[in-house]
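Asks: Can you read through this structure? Questions will come right after.
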Amino acid sequence: MRVPIRHIAGHLVWSTQGGVWAVYRLRPGHDARGQAEESIQGTYVPAAIRDEQLAKITHLVRSLSGAPRLFGLCAQVDPGEIALRMIEGIEPAEDVRGSAPHPWVENVEATLDLLVGQEMHRRTLWLAVPLQSDKSALQLSAVLGAVGTELSAGLGLRTAPVARREVNAYQQQAGRVEAALGGGLAFRPACPAEIVWMIQHALHRGLNEPLLTTAETSDLYGGRLRKGVLRSPSYADLGQVRLQEGGIDPDLVNGDEIKTAGGITRSGRRAWWRLNTHSPLGRRWLQVESEAGVGYQAQLVLAECPPAVSQDAADLFAQLESLDFPVDYTVDLTLVPAEKAREQVRRKKNELIDQADQYDARPTGMPASLSEAARDLGELDARLSRTSVEVEVQSVTVLTVWGTTAANCDARARALAALLGGADYRAVRPVGLQEALFTLGLPATVRPGLVREFTQHQVSEDWALGGAFTAGEVGDPNGMFLGIDLDAGTTRPVMINVADAPMVDASASMGIVGDLGAGKSVLQKLIAEAVWARGGCAICIDRTPMREWAAFARTAAIGRVQIIDAAQAEVSIDPLRMFDGPQGRHYALSYLTLQLGIGPMSASGEVLHHAVEQAAAGKEPSMHRVLQILEEMAAGGAGTRQDAAASLAGLIRVVAANSLARMVFDPTLPPVTLDPSSTSDMIVITTAGLTLPPRAAFDQPEILHQQPLEALIGRAVLYLIAALARQSAFADPARFTAVVLDELYWLTSSAEGTALVHEILHDGRKHGAGLLAGSHDAEELGPDRGLMAYRALARTTDRESARRGLEFIGLDPSDAELVRLVTTGLSPVGRTGREGEFLLTCPRQNTGRVKVSIPRIPRITTSITTTPGRSPSTPSPSVPEERAGARAKGLT
């Protein structure tokens, strides 16, 4: 095969077939070269954003001219790439556990075990634009250079170089193209290694191909200007392959028959009927043999498109992602200005009139198809007349599938044709054109004349509805491996990195909404475990009677966990002993006024303030000392201050005598010391035994004062726990801290809990902290839930709650299909293997459907689930049930 490249200078390619092309990477995303990235679109997009994207693509198409070519290539992803992205940004540190490995190493190895052997890819978009120079001398030089290359190849001579002035001229032309593209989608010039990768990818479909990740950071394959001319390395080795249309797969026939068939070759070109194989008309694939092995490709071309299609169903190229195998597409465009296109429409109208006159003379009359054609032409003429910037898009669309065997390739081609047929698109595999269609998918090639019969005609907006410039993605560029993208037919890993969000000026807080048993706690635990294993800290407030977070922390973070049990009172959370100076006095006074139900500006509040200030100024400040000072004031004072002190002392004695308040008033307990940087990576504060007043009581003070003492103590102690979590989370901005609050309703039902949520959401980013909150309804996340950058919605069977959840994650709550998905389509009850499905939205506003995977690590799997009766040693698989069996197994 002859490689179509003469020279490469940056993103400019001199073709062996004549002409110069500029190649661009569209939607570069997370890029090692530091390019600005556009917001990545997810699978589920609000209508307003979808309209904005459509406007951008339409503008991009109208800004182009000539015959550009779009490539949608599925780059193969190696599990090692995922591992590198998982450790990106983690600084190696001295392990406090001696010779034990870094805890994140286990997560990386578990992810590799899960992904090895699975077919993974990522969609990449490329735009190649042929450059037209204004100077005829340069055009002639390009043509003569191409002819010279053909002669040089036959004579074994070196490819003729390109003069510097020609390079400069085409660089200026490329600059004008980039200026025209500036108002559309994000792009950047492709590097020489990426251009070469496009050819390597095309030749290695069905085999282990070179990785795009390597090409993105490579400086190879580019030409250099030396002594006034451009000289490039040889690209001849790229073409050392054999292309055979309809080549016989030895797996389909008896290999011994081929060897003993005399002059019969594996190509099957002669006497194919003597072999136990199909006719060449049935072998509609391309056999590509290279040093890496033999791969099989099938090229399908769109032969017919529906005359009209709704906007919701027009995303042809987005539907390709739902297949369980990758599909490449190449769209060769010819952009015709509106005026010229209208002239063509008028000619077609005249032809229809002539045909109508001919049919009038026949007894059968005029067929209905002529009326429909006339109507379509009239509509096209009207749309082309609407604006002078409109263009007609004449496109040839080639879809490519591949497989390791011919049978696998053929089955995939049939499945793709069936999918397109269901949407009223007719795709064919033309016999004899497989190699020509394959060549069209290479950069810097001329479109073969034989494929022009497959040209489709559309206006720019209709063509843009197909979504050819759209690449969906969910999650973050790096971080923890969360699970699998369910909107992709093949395995597409999903990663999130909440700890990195403050560094990119985004909130690190996450809200998770869903029914009981939908997987909220499991998702929180996985993220919390990843935070500490990657070098951060997690502070968890556990309200469950079974103390599930304490049990999980003891196994997941062995030796790096601290448990604070509010009911057992093993340590003291006395604010005067925990905090120094004004902070301690502030929290102590706020706790006492809340606990005793008095106003800070009342007479009793003034006496209490004096007692707290005096106790804090002593040698051993404590809440017990505040009680002693009040008793002294009651014994030695006079008047109203004596009465107030006596009353306050009596109330505090009632509270202090209760076991639930012992951790506040018992001076014999050791004070809690929370220094996450040196002692603990996971801190769990259990509140089992603490009760809170009902939500309705907070709106009516007379009802609140009538609540049981245990509820009033629980409310006040919760304030101190919230203050403890807040101070610990904000202590070290250099180290990310996640505050985990499961079943948030019990916290946001009080003003004190709502204030904690409010403060972390508003100030957490500046202090390197984030909130991981779970609830059964979006409203329970509090009034500031809009500040959460990460949002997850699990199964929610109540339709009204489902609508509120959809609104929370940024989708249309009135969309009946989305409501059905949330109520019945996510983790259906009783469907083994479907646990852990979420709609996930990340800071880049990309929403998709994911399946959370629990890493197969014993310290995590033994205590992460709370399903009664389920053995922790037999978790459910981490890949969807329809994919199980052929893929590596994981846990959910």
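Scheme for the structure tokens: letters A, B, ... for chains in order shown; per-chain residue numbers from 1; ligand numbers from 1 in order shown.
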Which residues of segment 479-592 of chain A sit at most 12 Å from segment 327-342 of chain A, using only C-alpha atoms? Give each one's shortest atom pair and distance in Å (one decimal place), in chain and ascending residue order, as a Markdown table.
Replies:
| residue | atom | partner | partner_atom | distance |
| --- | --- | --- | --- | --- |
| A:Ala488 | CA | A:Val327 | CA | 11.7 |
| A:Gly489 | CA | A:Val327 | CA | 10.7 |
| A:Thr490 | CA | A:Val327 | CA | 10.6 |
Asks: If you count only C-alpha atoms, which residues fall within 9 Å of segment 708-714 of chain A, apart from same-chain ones fewer than 2 positions away, as JSON, numbers by chain?
Replies: {"A": [594, 595, 596, 655, 658, 660, 661, 687, 689, 690, 691, 692, 693, 694, 704, 705, 706, 716, 717, 718, 719]}
Asks: Using only C-alpha atoms, find the one residue out of A:Glu178, A:Ile8, A:Ile539, A:Leu384 that sits nearest to Leu220 of chain A.
Replies: A:Ile8
Asks: Just asking: which residues within segment 335-532 of chain A are strand (DSSP E) according to DSSP, as a count of residues only?
Replies: 37
Asks: Might you pull out every residue within 7 Å of Asp515 of chain A, with only C-alpha atoms counted and same-chain residues fewer than 5 positions away left off, and present them as a list in words?
Replies: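 With the cut-off at 7 Å, the set is His776, Arg795 and Thr796 of chain A.
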Asks: Could those selected residues go to a file with N, CA and C atoms, as a JSON list (two decimals), in the first residue's frame?
Replies:
[["chain", "number", "residue", "atom", "x", "y", "z"],
["A", 776, "HIS", "N", -32.65, 10.90, 50.47],
["A", 776, "HIS", "CA", -33.68, 10.22, 49.71],
["A", 776, "HIS", "C", -34.41, 11.14, 48.76],
["A", 795, "ARG", "N", -31.94, 5.11, 41.63],
["A", 795, "ARG", "CA", -33.34, 4.73, 41.45],
["A", 795, "ARG", "C", -34.23, 5.48, 42.43],
["A", 796, "THR", "N", -35.27, 6.11, 41.90],
["A", 796, "THR", "CA", -36.24, 6.84, 42.71],
["A", 796, "THR", "C", -37.62, 6.49, 42.17]]
Asks: Pick from A:Pro4, A:Pro477, A:Pro448, A:Gly295: nearest to Asn846 of chain A, with only C-alpha atoms counted?
Replies: A:Pro477
Asks: Can you work out which one of A:Leu793, A:Ala557, A:Val474, A:Ala634 has the shortest atom-to-atom distance to Gly42 of chain A, counting only C-alpha atoms?
Replies: A:Val474
Asks: Residues near Ala789 of chain A, anyone? I mean within 8 Å using only C-alpha atoms, not counting same-chain ones fewer than 2 positions away, as a list in words.
Replies: Ala506, Ser507, Ala508, Ser509, Met510, Gly786, Leu787, Arg791, Thr841, Cys842 and Pro843 of chain A
Asks: Which residue gives the smallest distance to Ala298 of chain A among A:Ala413, A:Ile90, A:Leu125, A:Val561, with only C-alpha atoms counted?
Replies: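 Comparing A:Ala413, A:Ile90, A:Leu125, A:Val561 against Ala298 of chain A, the winner is A:Ala413.
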Asks: List as a tab-separated table every residue of segment 545-633 of chain A that is in contact with segment 853-869 of chain A, defined as an atom at most 10 Å from one of its atoms (using only C-alpha atoms), together with the nearest atom pair and the distance in Å rounded to one decimal, sorted by chain and then rising number.
Replies:
residue	atom	partner	partner_atom	distance
A:Met546	CA	A:Thr866	CA	9.7
A:Glu548	CA	A:Thr866	CA	7.7
A:Trp549	CA	A:Ile864	CA	8.5
A:Ala550	CA	A:Ser863	CA	9.8
A:Ala551	CA	A:Ser863	CA	6.6
A:Phe552	CA	A:Ser863	CA	5.1
A:Ala553	CA	A:Ser863	CA	8.7
A:Arg554	CA	A:Arg859	CA	8.9
A:Thr555	CA	A:Arg859	CA	5.2
A:Ala556	CA	A:Arg859	CA	4.9
A:Ala557	CA	A:Arg859	CA	8.0
A:Ile558	CA	A:Arg859	CA	8.4
Asks: Which neighbours of Leu131 of chain A fall inside 9 Å, counting only C-alpha atoms, when residues of the same chain fewer than 5 positions from it are skipped, and could you give them as JSON, numbers by chain?
Replies: {"A": [19, 20, 21, 22, 66, 170, 173, 174, 177]}
Asks: Residues at most 7 Å from Leu243 of chain A, counting only C-alpha atoms, excluding those fewer than 3 positions away in the same chain, as a PyMOL selection string?
Replies: chain A and resi 286-289
Asks: Would you mind exporting N, CA, C and O atoms of the selected residues as a compact mmCIF listing (two decimals), in the first residue's frame?
Replies:
# COMPACT_ATOMS: atom_id res chain seq x y z
N LEU A 286 -12.66 -6.35 3.95
CA LEU A 286 -11.30 -6.07 3.50
C LEU A 286 -10.33 -6.74 4.46
O LEU A 286 -10.38 -6.50 5.67
N GLN A 287 -9.48 -7.57 3.91
CA GLN A 287 -8.47 -8.25 4.73
C GLN A 287 -7.20 -7.40 4.71
O GLN A 287 -6.68 -7.06 3.65
N VAL A 288 -6.72 -7.05 5.89
CA VAL A 288 -5.52 -6.22 6.03
C VAL A 288 -4.47 -7.04 6.74
O VAL A 288 -4.62 -7.37 7.92
N GLU A 289 -3.41 -7.37 6.04
CA GLU A 289 -2.34 -8.18 6.60
C GLU A 289 -1.11 -7.32 6.79
O GLU A 289 -0.64 -6.65 5.86
Asks: Using only C-alpha atoms, pick whichever of A:Leu207, A:Val13, A:Leu54, A:Leu724 has the shortest atom-to-atom distance to Gly223 of chain A.
Replies: A:Val13
Asks: Quick one: pick out all alpha helix (DSSP H) residues within segment 193-226 of chain A from a backbone DSSP run and write them as JSON, numbers by chain.
Replies: {"A": [193, 194, 195, 196, 197, 198, 199, 200, 201, 202, 203, 212, 213, 214, 215, 216]}
Asks: Each residue of segment 202-235 of chain A with at least one atom at most 12 Å from segment 74-78 of chain A should appear once, together with its nearest atom pair and the corresponding distance in Å (one decimal); atoms considered: only C-alpha atoms; ordering: chain, then increasing residue number; output as a Markdown table.
Replies:
| residue | atom | partner | partner_atom | distance |
| --- | --- | --- | --- | --- |
| A:Ala202 | CA | A:Cys74 | CA | 10.1 |
| A:His204 | CA | A:Gln76 | CA | 10.2 |
| A:Arg205 | CA | A:Gln76 | CA | 9.3 |
| A:Gly206 | CA | A:Gln76 | CA | 10.1 |
| A:Leu207 | CA | A:Gln76 | CA | 9.8 |
| A:Asn208 | CA | A:Gln76 | CA | 8.2 |
| A:Glu209 | CA | A:Gln76 | CA | 7.0 |
| A:Pro210 | CA | A:Gln76 | CA | 8.1 |
| A:Leu211 | CA | A:Gln76 | CA | 6.5 |
| A:Leu212 | CA | A:Ala75 | CA | 6.4 |
| A:Thr213 | CA | A:Val77 | CA | 8.5 |
| A:Thr214 | CA | A:Val77 | CA | 11.0 |
| A:Ala215 | CA | A:Ala75 | CA | 11.2 |
| A:Glu216 | CA | A:Ala75 | CA | 11.8 |
